[in-house]
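K.L.:
The structure file my_file_34.cif (mmCIF, C-alpha atoms (C1' of nucleotides)) is provided below.
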```
data_start
#
loop_
_atom_site.label_atom_id
_atom_site.label_comp_id
_atom_site.auth_asym_id
_atom_site.auth_seq_id
_atom_site.Cartn_x
_atom_site.Cartn_y
_atom_site.Cartn_z
CA MET Q 1 180.08 296.61 -13.74
CA ASN Q 2 179.14 296.74 -10.12
CA LYS Q 3 178.32 293.08 -10.51
CA ARG Q 4 179.49 291.36 -7.36
CA ARG Q 5 181.45 288.21 -7.85
CA TYR Q 6 180.34 287.09 -4.44
CA ASN Q 7 177.09 287.49 -2.69
CA SER Q 8 177.64 288.23 0.94
CA GLU Q 9 175.07 290.95 0.67
CA THR Q 10 172.36 288.57 1.81
CA ALA Q 11 174.42 287.70 4.86
CA LYS Q 12 174.84 291.38 5.63
CA GLN Q 13 171.10 291.87 5.29
CA GLU Q 14 170.33 288.99 7.62
CA ILE Q 15 172.72 290.33 10.20
CA MET Q 16 171.10 293.73 10.00
CA GLU Q 17 167.61 292.30 10.38
CA LYS Q 18 168.50 290.29 13.45
CA ALA Q 19 170.44 293.18 14.92
CA PHE Q 20 167.42 295.43 14.41
CA LEU Q 21 165.18 293.06 16.33
CA LEU Q 22 167.66 292.59 19.17
CA PHE Q 23 168.43 296.29 19.56
CA SER Q 24 164.69 296.98 19.61
CA GLN Q 25 164.01 294.32 22.22
CA LYS Q 26 166.96 294.77 24.57
CA GLY Q 27 168.37 298.20 23.87
CA TYR Q 28 171.85 299.07 22.71
CA THR Q 29 174.10 298.19 25.64
CA GLN Q 30 172.27 295.03 26.54
CA THR Q 31 172.54 293.66 23.03
CA SER Q 32 175.95 292.04 22.57
CA VAL Q 33 177.71 291.26 19.34
CA SER Q 34 177.56 287.64 20.43
CA ASP Q 35 173.79 287.91 20.63
CA ILE Q 36 173.65 289.20 17.08
CA SER Q 37 176.03 286.45 16.00
CA LYS Q 38 173.92 283.71 17.51
CA ALA Q 39 170.64 285.13 16.23
CA SER Q 40 171.90 285.61 12.69
CA GLY Q 41 173.87 282.38 12.49
CA TYR Q 42 177.03 284.14 11.37
CA SER Q 43 180.24 284.26 13.35
CA LYS Q 44 181.29 287.29 15.33
CA GLY Q 45 184.23 287.73 13.01
CA HIS Q 46 181.93 287.91 10.05
CA ILE Q 47 179.94 290.71 11.62
CA TYR Q 48 183.15 292.71 11.81
CA TYR Q 49 183.79 291.87 8.19
CA HIS Q 50 180.67 293.83 7.28
CA PHE Q 51 180.60 296.50 9.97
CA GLU Q 52 183.38 298.53 11.49
CA ASN Q 53 182.05 298.09 15.00
CA LYS Q 54 178.89 297.73 17.04
CA GLU Q 55 178.35 301.46 17.30
CA LYS Q 56 178.50 302.05 13.55
CA LEU Q 57 176.13 299.14 12.98
CA PHE Q 58 173.58 300.65 15.31
CA VAL Q 59 173.83 304.12 13.80
CA LEU Q 60 173.37 302.63 10.35
CA LEU Q 61 170.23 300.82 11.47
CA ALA Q 62 168.84 303.93 13.11
CA GLN Q 63 169.46 306.01 10.00
CA GLN Q 64 167.92 303.39 7.76
CA THR Q 65 164.90 303.08 10.03
CA MET Q 66 164.28 306.80 10.08
CA LYS Q 67 164.80 307.10 6.34
CA GLU Q 68 162.25 304.36 5.68
CA TRP Q 69 159.81 306.04 8.01
CA TYR Q 70 160.15 309.28 6.11
CA ILE Q 71 159.88 307.66 2.67
CA LYS Q 72 156.76 305.79 3.70
CA TRP Q 73 155.29 309.07 4.88
CA MET Q 74 156.12 310.95 1.71
CA ASN Q 75 154.40 308.21 -0.27
CA LYS Q 76 151.07 308.92 1.36
CA ASP Q 77 151.63 312.61 1.95
CA ASN Q 78 149.34 313.59 -0.93
CA GLU Q 79 146.50 311.26 0.03
CA PHE Q 80 145.04 313.87 2.32
CA THR Q 81 142.70 316.62 1.31
CA CYS Q 82 143.63 319.19 3.93
CA ALA Q 83 146.22 319.90 6.58
CA ALA Q 84 143.99 318.76 9.41
CA GLU Q 85 143.44 315.38 7.75
CA LYS Q 86 147.14 315.16 7.12
CA LEU Q 87 147.83 315.67 10.81
CA TYR Q 88 145.58 312.74 11.69
CA GLY Q 89 147.35 310.71 9.04
CA MET Q 90 150.69 311.64 10.52
CA ALA Q 91 149.57 310.54 13.96
CA MET Q 92 148.67 307.11 12.58
CA HIS Q 93 151.92 306.96 10.69
CA VAL Q 94 153.85 307.69 13.86
CA LEU Q 95 151.83 305.17 15.84
CA TYR Q 96 152.39 302.34 13.40
CA HIS Q 97 155.76 303.08 11.85
CA TYR Q 98 157.88 305.11 14.23
CA GLN Q 99 160.24 302.50 15.63
CA THR Q 100 160.25 303.73 19.22
CA PRO Q 101 162.06 300.74 20.71
CA LEU Q 102 165.03 300.95 18.36
CA LEU Q 103 165.31 304.70 18.58
CA LYS Q 104 165.35 304.46 22.36
CA GLY Q 105 168.69 302.71 21.96
CA GLY Q 106 169.88 305.89 20.28
CA GLN Q 107 169.34 307.87 23.45
CA GLU Q 108 171.26 305.23 25.30
CA LEU Q 109 174.19 305.47 22.94
CA ALA Q 110 174.08 309.27 22.76
CA SER Q 111 174.10 309.66 26.53
CA ASN Q 112 177.17 307.45 26.92
CA PRO Q 113 180.26 309.65 27.22
CA GLU Q 114 182.40 306.99 25.58
CA SER Q 115 180.42 306.99 22.35
CA SER Q 116 182.20 308.60 19.44
CA PRO Q 117 181.13 312.22 18.93
CA GLU Q 118 180.52 311.47 15.27
CA SER Q 119 177.93 308.82 16.09
CA VAL Q 120 176.23 311.06 18.62
CA LYS Q 121 176.02 313.84 16.08
CA GLN Q 122 174.54 311.52 13.47
CA LEU Q 123 171.91 310.34 15.92
CA TYR Q 124 170.88 313.86 16.87
CA GLU Q 125 170.50 314.72 13.22
CA LEU Q 126 167.91 311.96 12.91
CA ALA Q 127 165.53 313.75 15.26
CA VAL Q 128 165.35 316.57 12.75
CA ILE Q 129 163.56 314.41 10.19
CA PRO Q 130 160.18 313.93 11.88
CA MET Q 131 160.20 317.50 13.15
CA GLY Q 132 160.59 318.69 9.57
CA ALA Q 133 157.62 316.59 8.52
CA TYR Q 134 155.44 318.02 11.30
CA ARG Q 135 156.49 321.56 10.46
CA ALA Q 136 155.62 321.09 6.79
CA ILE Q 137 152.05 320.16 7.68
CA LEU Q 138 151.64 323.16 9.96
CA VAL Q 139 153.08 325.53 7.37
CA GLN Q 140 150.74 324.14 4.74
CA GLY Q 141 147.77 324.61 7.04
CA ILE Q 142 148.69 328.22 7.69
CA GLU Q 143 149.39 329.05 4.08
CA GLU Q 144 146.08 327.59 2.97
CA GLY Q 145 144.23 329.56 5.61
CA GLU Q 146 143.19 326.45 7.51
CA PHE Q 147 145.21 327.20 10.65
CA LYS Q 148 145.74 330.43 12.50
CA LYS Q 149 148.94 332.36 12.07
CA GLY Q 150 151.02 331.32 15.04
CA ASN Q 151 154.44 330.36 16.29
CA VAL Q 152 155.19 327.49 13.89
CA GLU Q 153 158.39 326.41 15.63
CA GLU Q 154 156.59 326.21 18.95
CA TRP Q 155 153.70 324.27 17.47
CA THR Q 156 156.10 321.88 15.81
CA VAL Q 157 157.83 321.06 19.07
CA LEU Q 158 154.52 320.72 20.89
CA ILE Q 159 152.94 318.25 18.50
CA GLY Q 160 156.27 316.45 18.18
CA THR Q 161 156.70 315.94 21.90
CA TRP Q 162 153.08 314.94 22.31
CA LEU Q 163 153.24 312.25 19.64
CA GLY Q 164 156.65 311.21 20.95
CA GLY Q 165 155.29 310.89 24.46
CA LEU Q 166 152.33 308.86 23.25
CA CYS Q 167 154.70 306.55 21.39
CA GLN Q 168 156.19 305.45 24.69
CA LEU Q 169 152.90 303.71 25.37
CA THR Q 170 153.64 301.24 22.59
CA ASN Q 171 156.05 299.58 25.02
CA THR Q 172 153.16 298.29 27.07
CA GLN Q 173 150.10 298.46 24.77
CA ASP Q 174 149.42 297.34 21.25
CA PRO Q 175 149.18 300.05 18.59
CA TYR Q 176 145.57 299.39 17.59
CA SER Q 177 144.23 300.05 21.06
CA LEU Q 178 146.11 303.35 21.09
CA GLU Q 179 144.49 304.75 17.96
CA PRO Q 180 141.69 306.64 19.76
CA LEU Q 181 144.22 308.25 22.08
CA PHE Q 182 146.41 309.46 19.22
CA LYS Q 183 143.37 310.80 17.39
CA LYS Q 184 142.11 312.57 20.47
CA ALA Q 185 145.47 314.27 20.91
CA VAL Q 186 145.36 315.56 17.34
CA SER Q 187 141.78 316.79 17.71
CA MET Q 188 142.67 318.67 20.88
CA PHE Q 189 145.70 320.15 19.21
CA LEU Q 190 143.65 321.19 16.21
CA GLU Q 191 141.10 322.94 18.42
CA SER Q 192 143.81 325.38 19.35
CA ILE Q 193 145.31 326.07 15.97
CA GLN Q 194 142.37 325.83 13.58
CA LYS Q 195 140.67 329.02 12.47
CA MET S 1 166.89 303.04 71.31
CA ASN S 2 167.57 303.07 67.66
CA LYS S 3 170.69 305.01 68.57
CA ARG S 4 173.43 303.70 66.32
CA ARG S 5 176.73 302.90 67.91
CA TYR S 6 178.34 303.58 64.57
CA ASN S 7 177.53 306.13 62.01
CA SER S 8 177.77 304.50 58.66
CA GLU S 9 174.52 306.14 57.75
CA THR S 10 176.37 309.15 56.39
CA ALA S 11 178.46 306.86 54.23
CA LYS S 12 175.32 305.23 52.92
CA GLN S 13 173.88 308.65 52.18
CA GLU S 14 176.98 309.77 50.32
CA ILE S 15 176.98 306.62 48.24
CA MET S 16 173.35 307.16 47.34
CA GLU S 17 173.96 310.76 46.36
CA LYS S 18 176.84 309.91 44.07
CA ALA S 19 175.00 306.96 42.63
CA PHE S 20 172.03 309.20 41.88
CA LEU S 21 174.22 311.61 39.95
CA LEU S 22 175.98 308.89 37.99
CA PHE S 23 172.81 306.98 37.11
CA SER S 24 171.30 310.26 35.94
CA GLN S 25 174.28 311.16 33.81
CA LYS S 26 175.16 307.81 32.30
CA GLY S 27 172.12 305.62 32.67
CA TYR S 28 171.85 302.32 34.50
CA THR S 29 173.98 299.92 32.49
CA GLN S 30 176.75 302.38 31.78
CA THR S 31 177.16 303.24 35.44
CA SER S 32 179.35 300.64 37.08
CA VAL S 33 179.67 299.85 40.75
CA SER S 34 183.31 300.87 40.38
CA ASP S 35 182.20 304.27 39.14
CA ILE S 36 180.05 304.71 42.22
CA SER S 37 182.92 303.52 44.39
CA LYS S 38 185.36 306.01 42.94
CA ALA S 39 182.91 308.92 43.00
CA SER S 40 181.84 308.30 46.59
CA GLY S 41 185.28 307.48 47.91
CA TYR S 42 184.10 304.24 49.45
CA SER S 43 185.29 300.81 48.41
CA LYS S 44 183.25 298.50 46.25
CA GLY S 45 182.97 296.09 49.14
CA HIS S 46 181.44 298.78 51.29
CA ILE S 47 178.76 299.48 48.73
CA TYR S 48 177.72 295.84 49.00
CA TYR S 49 177.71 296.21 52.76
CA HIS S 50 174.89 298.73 52.41
CA PHE S 51 173.06 297.46 49.34
CA GLU S 52 172.23 293.96 48.25
CA ASN S 53 173.22 294.63 44.65
CA LYS S 54 173.33 297.28 41.96
CA GLU S 55 169.77 296.65 40.85
CA LYS S 56 168.29 297.07 44.31
CA LEU S 57 170.29 300.24 44.80
CA PHE S 58 168.86 301.73 41.64
CA VAL S 59 165.29 300.79 42.45
CA LEU S 60 165.66 302.33 45.88
CA LEU S 61 166.89 305.58 44.35
CA ALA S 62 164.09 305.63 41.82
CA GLN S 63 161.47 305.05 44.49
CA GLN S 64 162.97 307.70 46.73
CA THR S 65 163.12 310.18 43.86
CA MET S 66 159.50 309.67 42.91
CA LYS S 67 158.38 309.84 46.52
CA GLU S 68 160.17 313.15 47.01
CA TRP S 69 158.62 314.49 43.82
CA TYR S 70 155.17 313.62 45.08
CA ILE S 71 155.72 315.02 48.58
CA LYS S 72 157.01 318.28 47.15
CA TRP S 73 153.90 318.50 45.00
CA MET S 74 151.51 317.79 47.83
CA ASN S 75 153.17 320.55 49.81
CA LYS S 76 152.17 323.16 47.26
CA ASP S 77 148.98 321.47 46.10
CA ASN S 78 146.79 323.91 48.01
CA GLU S 79 148.56 327.05 46.82
CA PHE S 80 146.38 327.22 43.74
CA THR S 81 142.99 328.85 43.53
CA CYS S 82 141.47 326.70 40.78
CA ALA S 83 142.11 323.52 38.84
CA ALA S 84 143.43 325.38 35.79
CA GLU S 85 146.02 327.19 37.90
CA LYS S 86 146.92 323.92 39.50
CA LEU S 87 147.56 322.39 36.11
CA TYR S 88 150.02 325.15 35.29
CA GLY S 89 151.64 324.61 38.65
CA MET S 90 151.92 320.90 37.95
CA ALA S 91 153.60 321.60 34.61
CA MET S 92 156.23 323.69 36.35
CA HIS S 93 156.62 321.07 39.05
CA VAL S 94 157.22 318.42 36.42
CA LEU S 95 159.63 320.63 34.52
CA TYR S 96 161.78 321.40 37.54
CA HIS S 97 161.44 318.35 39.74
CA TYR S 98 160.65 315.31 37.64
CA GLN S 99 164.02 313.59 37.46
CA THR S 100 163.83 312.50 33.84
CA PRO S 101 167.45 311.40 33.50
CA LEU S 102 167.34 309.02 36.45
CA LEU S 103 163.94 307.62 35.59
CA LYS S 104 165.16 306.89 32.07
CA GLY S 105 167.49 304.37 33.67
CA GLY S 106 164.38 302.66 34.93
CA GLN S 107 163.20 301.95 31.40
CA GLU S 108 166.64 300.56 30.68
CA LEU S 109 166.49 298.21 33.63
CA ALA S 110 162.87 297.25 33.02
CA SER S 111 163.49 296.36 29.39
CA ASN S 112 166.39 294.06 30.26
CA PRO S 113 165.13 290.46 30.35
CA GLU S 114 167.71 289.57 32.99
CA SER S 115 166.41 292.07 35.52
CA SER S 116 164.58 290.51 38.43
CA PRO S 117 160.80 290.55 37.92
CA GLU S 118 160.40 292.05 41.35
CA SER S 119 162.46 295.11 40.42
CA VAL S 120 160.62 295.54 37.14
CA LYS S 121 157.31 295.42 38.94
CA GLN S 122 158.45 298.00 41.47
CA LEU S 123 159.56 300.33 38.70
CA TYR S 124 156.28 300.06 36.83
CA GLU S 125 154.41 300.90 40.00
CA LEU S 126 156.29 304.19 40.15
CA ALA S 127 154.66 305.45 36.97
CA VAL S 128 151.31 305.30 38.72
CA ILE S 129 152.24 308.11 41.09
CA PRO S 130 152.35 311.09 38.70
CA MET S 131 149.32 309.81 36.80
CA GLY S 132 147.36 309.80 40.04
CA ALA S 133 148.38 313.40 40.66
CA TYR S 134 147.24 314.47 37.18
CA ARG S 135 143.95 312.65 37.54
CA ALA S 136 143.24 314.34 40.87
CA ILE S 137 143.51 317.77 39.27
CA LEU S 138 141.21 316.85 36.43
CA VAL S 139 138.63 315.34 38.77
CA GLN S 140 138.70 318.46 40.91
CA GLY S 141 138.18 320.65 37.84
CA ILE S 142 135.19 318.63 36.76
CA GLU S 143 133.62 318.45 40.20
CA GLU S 144 133.94 322.20 40.67
CA GLY S 145 132.37 322.84 37.29
CA GLU S 146 135.52 324.32 35.84
CA PHE S 147 136.13 321.59 33.27
CA LYS S 148 133.69 319.80 31.01
CA LYS S 149 132.51 316.36 31.88
CA GLY S 150 134.74 314.10 29.83
CA ASN S 151 136.75 310.90 29.76
CA VAL S 152 138.99 311.49 32.77
CA GLU S 153 141.18 308.47 32.18
CA GLU S 154 141.84 309.55 28.62
CA TRP S 155 142.60 313.11 29.63
CA THR S 156 144.95 311.87 32.32
CA VAL S 157 146.98 309.83 29.87
CA LEU S 158 147.00 312.66 27.35
CA ILE S 159 148.34 315.34 29.68
CA GLY S 160 150.71 312.79 31.20
CA THR S 161 152.26 311.79 27.91
CA TRP S 162 152.48 315.39 26.78
CA LEU S 163 154.32 316.53 29.89
CA GLY S 164 156.43 313.39 29.75
CA GLY S 165 157.35 314.04 26.14
CA LEU S 166 158.24 317.64 26.90
CA CYS S 167 160.46 316.45 29.74
CA GLN S 168 162.70 314.72 27.24
CA LEU S 169 163.75 318.17 26.08
CA THR S 170 165.49 318.74 29.40
CA ASN S 171 168.23 316.49 28.08
CA THR S 172 169.33 319.16 25.63
CA GLN S 173 167.85 322.41 26.97
CA ASP S 174 167.84 324.08 30.36
CA PRO S 175 164.54 324.05 32.25
CA TYR S 176 164.07 327.82 32.38
CA SER S 177 164.06 328.19 28.62
CA LEU S 178 161.40 325.47 28.42
CA GLU S 179 158.91 327.23 30.69
CA PRO S 180 156.96 328.93 27.86
CA LEU S 181 156.63 325.64 26.02
CA PHE S 182 155.26 323.81 29.04
CA LYS S 183 152.83 326.64 29.71
CA LYS S 184 151.69 326.70 26.11
CA ALA S 185 150.99 322.96 26.24
CA VAL S 186 148.83 323.43 29.32
CA SER S 187 146.94 326.36 27.79
CA MET S 188 146.22 324.36 24.64
CA PHE S 189 145.09 321.42 26.72
CA LEU S 190 142.84 323.65 28.81
CA GLU S 191 141.22 325.11 25.71
CA SER S 192 139.80 321.68 25.04
CA ILE S 193 138.61 320.74 28.50
CA GLN S 194 137.52 324.05 30.02
CA LYS S 195 133.84 324.95 29.95
"C1'" DA M 1 191.94 296.82 78.88
"C1'" DT M 2 189.60 293.47 76.54
"C1'" DA M 3 186.08 291.44 73.92
"C1'" DT M 4 182.82 292.05 70.48
"C1'" DA M 5 180.37 293.45 66.75
"C1'" DA M 6 179.96 297.02 63.24
"C1'" DT M 7 182.38 299.03 59.61
"C1'" DT M 8 185.55 299.53 55.77
"C1'" DA M 9 189.03 298.16 52.39
"C1'" DG M 10 190.87 295.88 48.61
"C1'" DA M 11 192.19 291.84 46.32
"C1'" DA M 12 190.25 288.16 43.68
"C1'" DC M 13 186.59 285.69 41.07
"C1'" DG M 14 184.47 283.97 36.87
"C1'" DA M 15 181.78 285.64 33.27
"C1'" DA M 16 180.90 288.57 29.54
"C1'" DC M 17 182.17 292.16 26.70
"C1'" DG M 18 183.91 294.36 22.02
"C1'" DT M 19 187.47 293.52 19.07
"C1'" DT M 20 191.37 291.33 16.46
"C1'" DC M 21 193.55 287.93 13.80
"C1'" DA M 22 195.30 283.95 11.63
"C1'" DA M 23 193.48 280.21 9.25
"C1'" DT M 24 190.16 278.07 6.25
"C1'" DT M 25 186.65 277.67 2.80
"C1'" DT M 26 184.42 279.34 -1.23
"C1'" DA M 27 183.70 280.94 -5.83
"C1'" DA M 28 185.05 283.45 -9.88
"C1'" DG M 29 188.49 284.71 -13.76
"C1'" DA M 30 192.13 283.16 -16.55
"C1'" DT F 1 192.65 273.65 -13.55
"C1'" DC F 2 195.03 276.93 -11.14
"C1'" DT F 3 195.18 281.33 -8.97
"C1'" DT F 4 193.49 284.87 -6.45
"C1'" DA F 5 190.61 287.46 -3.78
"C1'" DA F 6 186.32 287.38 -1.25
"C1'" DA F 7 183.84 285.31 2.41
"C1'" DT F 8 183.59 283.08 6.74
"C1'" DT F 9 185.11 280.88 10.89
"C1'" DG F 10 186.41 280.37 15.67
"C1'" DA F 11 189.84 280.89 18.90
"C1'" DA F 12 192.09 284.31 21.53
"C1'" DC F 13 193.03 288.98 23.63
"C1'" DG F 14 192.76 292.42 26.97
"C1'" DT F 15 189.14 294.82 29.65
"C1'" DT F 16 185.57 295.56 32.44
"C1'" DC F 17 181.79 294.01 34.88
"C1'" DG F 18 178.96 292.66 39.23
"C1'" DT F 19 179.83 290.14 43.06
"C1'" DT F 20 182.24 287.66 46.89
"C1'" DC F 21 185.48 286.98 50.45
"C1'" DT F 22 188.91 287.62 53.77
"C1'" DA F 23 191.28 290.55 56.41
"C1'" DA F 24 191.87 294.80 58.79
"C1'" DT F 25 190.16 298.66 61.34
"C1'" DT F 26 187.07 301.07 64.28
"C1'" DA F 27 184.05 302.20 68.06
"C1'" DT F 28 181.26 300.57 71.81
"C1'" DA F 29 180.05 297.90 76.04
"C1'" DT F 30 181.79 295.55 79.74
#
```
How does this structure look as structure tokens?
P.N.:
Amino acid sequence: MNKRRYNSETAKQEIMEKAFLLFSQKGYTQTSVSDISKASGYSKGHIYYHFENKEKLFVLLAQQTMKEWYIKWMNKDNEFTCAAEKLYGMAMHVLYHYQTPLLKGGQELASNPESSPESVKQLYELAVIPMGAYRAILVQGIEEGEFKKGNVEEWTVLIGTWLGGLCQLTNTQDPYSLEPLFKKAVSMFLESIQK
Amino acid sequence: MNKRRYNSETAKQEIMEKAFLLFSQKGYTQTSVSDISKASGYSKGHIYYHFENKEKLFVLLAQQTMKEWYIKWMNKDNEFTCAAEKLYGMAMHVLYHYQTPLLKGGQELASNPESSPESVKQLYELAVIPMGAYRAILVQGIEEGEFKKGNVEEWTVLIGTWLGGLCQLTNTQDPYSLEPLFKKAVSMFLESIQK
DNA sequence: ATATAATTAGAACGAACGTTCAATTTAAGA
DNA sequence: TCTTAAATTGAACGTTCGTTCTAATTATAT
């Protein structure tokens, strides 16, 4: 059962890969279905065979991207000996795996009044994922007596916006050269919350 | 001299005001010249009488916006008694006057390969302005012995990205409710750089 | 009053967009 | 081998876009 008689799944995958690259490079609006068609080698009609429309395709990619980011993080979550170390690890994970360019297209789509409310809602829900990961680290640090008792929600937003802001720099600089900056941000943040 | 026989300057001003609002609300690509025409009450042809094209119009608005932001800051720059106070003042200035929504359109335009290189260059130059303002505060703090001697360039980028990241929140929350968050960010930052 | 130049409008352009659809090819099950 | 449904194509549709152009209107200078 569930054995496909045909294998158009590879085609679907190729379309998604090319679409991911194009959306990341040119943003949502500026990437046309024709672009995706040309890049993937499949006809426009075939893209609509696999995906309901351009909007749904993008949302799917954004969700998949965020999910992969989270899974990758959970896989190394227990490599760290303390909450402070984990925060440094998170900074590196954000720097190297948070797909800023693609996710920027999400803002574009969400701020367009003609986008379907459903898609907008789904995109906003994505932002919850990284915030949850940050919060978990802070809670752990407090519970284990490593961090002060403080306003966890506020701290979560603060480290989240800082890392998010730093991520914008990946548009113009390569990740490796940004490592010291990300680490410095974490160390400054820790100075304020560590006991 | 310089006395205009006609007064189409008011028309130009009205077009710019409406264009500013639309670009802020819907971004660059999603704002059409027709939108601006309808909102301003002037014909499409008339818009092209005043502005070479849509791209140039946007760049002009972005430049004007950033220039106003800087002038407003310089006007209150000397209201503060020390560098730390000035940093808090800057955070509030950013929160209330940095036109995040419009400037986001700049990223959109800059990341589009079909945009004229000249426009892209002009937009990148805008980012230099706030960074210069941050740096000036940090230098003052160091020179007056209020802050430690440290890597000024690094600090500049760090406070810049943090405030920039926080600004993204203005998309979903009103500025007033964000005041405590901005202030907390500054106080945490100061903890690390104050003597 | 007339000439002139600045100002404004609105129709028209070709190109590009997202989407649909009928037609064709492909591969599996009987 | 024949049938059937999946897979894929490419042309076509109706819009919308940024831009151009011509024509009309307006205000000023003479």
K.L.:
Set the cut-off to 12 Å and count all atoms listed in the file: what are the residues of chain S that reach chain M? Output as a PyMOL selection string.
P.N.:
chain S and resi 4-9+11-12+37+41-50
K.L.:
Closest to chain Q among S:Leu126, S:Val94, S:Ala110, S:Ile137, using all atoms listed in the file?
P.N.:
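Closest candidate: S:Ala110.
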K.L.:
Each residue of chain Q lying at most 8 Å from chain S should get a row with its shortest atom-to-atom pair and the distance in Å to one decimal, counting all atoms listed in the file; could you produce that, ordered by chain and increasing number, as JSON lines?
P.N.:
```
{"residue": "Q:Gln25", "atom": "CA", "partner": "S:Ser111", "partner_atom": "CA", "distance": 7.5}
{"residue": "Q:Lys26", "atom": "CA", "partner": "S:Asn112", "partner_atom": "CA", "distance": 5.8}
{"residue": "Q:Gly27", "atom": "CA", "partner": "S:Glu108", "partner_atom": "CA", "distance": 7.4}
{"residue": "Q:Thr29", "atom": "CA", "partner": "S:Thr29", "partner_atom": "CA", "distance": 7.1}
{"residue": "Q:Gln30", "atom": "CA", "partner": "S:Asn112", "partner_atom": "CA", "distance": 7.0}
{"residue": "Q:Glu108", "atom": "CA", "partner": "S:Gly27", "partner_atom": "CA", "distance": 7.4}
{"residue": "Q:Ser111", "atom": "CA", "partner": "S:Lys26", "partner_atom": "CA", "distance": 6.2}
{"residue": "Q:Asn112", "atom": "CA", "partner": "S:Lys26", "partner_atom": "CA", "distance": 5.8}
{"residue": "Q:Pro113", "atom": "CA", "partner": "S:Lys26", "partner_atom": "CA", "distance": 7.4}
{"residue": "Q:Glu154", "atom": "CA", "partner": "S:Leu181", "partner_atom": "CA", "distance": 7.1}
{"residue": "Q:Leu158", "atom": "CA", "partner": "S:Ala185", "partner_atom": "CA", "distance": 6.8}
{"residue": "Q:Thr161", "atom": "CA", "partner": "S:Gly165", "partner_atom": "CA", "distance": 4.7}
{"residue": "Q:Trp162", "atom": "CA", "partner": "S:Trp162", "partner_atom": "CA", "distance": 4.5}
{"residue": "Q:Leu163", "atom": "CA", "partner": "S:Trp162", "partner_atom": "CA", "distance": 7.8}
{"residue": "Q:Gly164", "atom": "CA", "partner": "S:Gly165", "partner_atom": "CA", "distance": 6.0}
{"residue": "Q:Gly165", "atom": "CA", "partner": "S:Gly165", "partner_atom": "CA", "distance": 4.1}
{"residue": "Q:Leu166", "atom": "CA", "partner": "S:Thr161", "partner_atom": "CA", "distance": 5.5}
{"residue": "Q:Leu181", "atom": "CA", "partner": "S:Glu154", "partner_atom": "CA", "distance": 7.1}
{"residue": "Q:Ala185", "atom": "CA", "partner": "S:Leu158", "partner_atom": "CA", "distance": 6.8}
{"residue": "Q:Met188", "atom": "CA", "partner": "S:Ser192", "partner_atom": "CA", "distance": 5.9}
{"residue": "Q:Phe189", "atom": "CA", "partner": "S:Met188", "partner_atom": "CA", "distance": 6.9}
{"residue": "Q:Glu191", "atom": "CA", "partner": "S:Ser192", "partner_atom": "CA", "distance": 6.9}
{"residue": "Q:Ser192", "atom": "CA", "partner": "S:Met188", "partner_atom": "CA", "distance": 5.9}
```
K.L.:
Quick check: residues of chain F within 12 Å of chain S, all atoms listed in the file, returned as a CSV table (one decimal) with C-alpha atoms (C1' of nucleotides), keeping the file's coordinate frame.
P.N.:
```
chain,number,residue,atom,x,y,z
F,16,DT,C1',185.6,295.6,32.4
F,17,DC,C1',181.8,294.0,34.9
F,18,DG,C1',179.0,292.7,39.2
F,19,DT,C1',179.8,290.1,43.1
F,20,DT,C1',182.2,287.7,46.9
F,21,DC,C1',185.5,287.0,50.4
F,22,DT,C1',188.9,287.6,53.8
F,26,DT,C1',187.1,301.1,64.3
F,27,DA,C1',184.0,302.2,68.1
F,28,DT,C1',181.3,300.6,71.8
F,29,DA,C1',180.0,297.9,76.0
```
K.L.:
May I have the protein, DNA and RNA residues with any atom at most 12 Å from the point (163.6, 305.9, 47.0), counting only C-alpha atoms (C1' of nucleotides), written as a PyMOL selection string?
P.N.:
chain S and resi 13+16-17+20+56-70+102-103+122-123+126
K.L.:
For the provided coordinates, the residues matched by the PyMOL selection byres ((chain S and resi 138) around 12) should be stated as a ChimeraX atom specification.
P.N.:
/S:82-87,90,131-137,139-160,189-190,193-194
K.L.:
What is the atom CA of Glu79 of chain S-atom CA of His93 of chain S distance in Å, reported with one decimal?
P.N.:
12.7 Å
K.L.:
Would you compute the distance between atom CA of Gly106 of chain S and atom CA of Ser119 of chain S? Give it in Å to one decimal.
P.N.:
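If I compute the distance from atom CA of Gly106 of chain S to atom CA of Ser119 of chain S, I get 9.5 Å.
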K.L.:
Expressed in Å to a single decimal, how great is the separation between atom CA of Gly89 of chain Q and atom CA of Trp73 of chain Q?
P.N.:
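Going from atom CA of Gly89 of chain Q over to atom CA of Trp73 of chain Q covers 9.1 Å.
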K.L.:
Would you output segment 12-26 of chain M from that structure, restricted to C-alpha atoms (C1' of nucleotides), as a PDB file, in the first residue's frame?
P.N.:
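Result saved to result.pdb:
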```pdb
ATOM      1  C1'  DA M  12      -3.018  53.271 -25.002  1.00  0.00           C
ATOM      2  C1'  DC M  13       1.199  50.349 -25.087  1.00  0.00           C
ATOM      3  C1'  DG M  14       3.619  45.983 -24.760  1.00  0.00           C
ATOM      4  C1'  DA M  15       5.225  43.010 -21.354  1.00  0.00           C
ATOM      5  C1'  DA M  16       4.647  40.120 -17.536  1.00  0.00           C
ATOM      6  C1'  DC M  17       1.883  38.135 -14.220  1.00  0.00           C
ATOM      7  C1'  DG M  18      -0.826  34.010 -11.891  1.00  0.00           C
ATOM      8  C1'  DT M  19      -3.870  30.767 -13.392  1.00  0.00           C
ATOM      9  C1'  DT M  20      -6.667  27.520 -16.303  1.00  0.00           C
ATOM     10  C1'  DC M  21      -7.409  24.030 -19.570  1.00  0.00           C
ATOM     11  C1'  DA M  22      -7.485  20.905 -23.292  1.00  0.00           C
ATOM     12  C1'  DA M  23      -4.424  17.815 -25.307  1.00  0.00           C
ATOM     13  C1'  DT M  24      -0.671  14.574 -25.139  1.00  0.00           C
ATOM     14  C1'  DT M  25       2.523  11.311 -23.261  1.00  0.00           C
ATOM     15  C1'  DT M  26       3.682   7.908 -19.944  1.00  0.00           C
TER      16       DT M  26
END
```
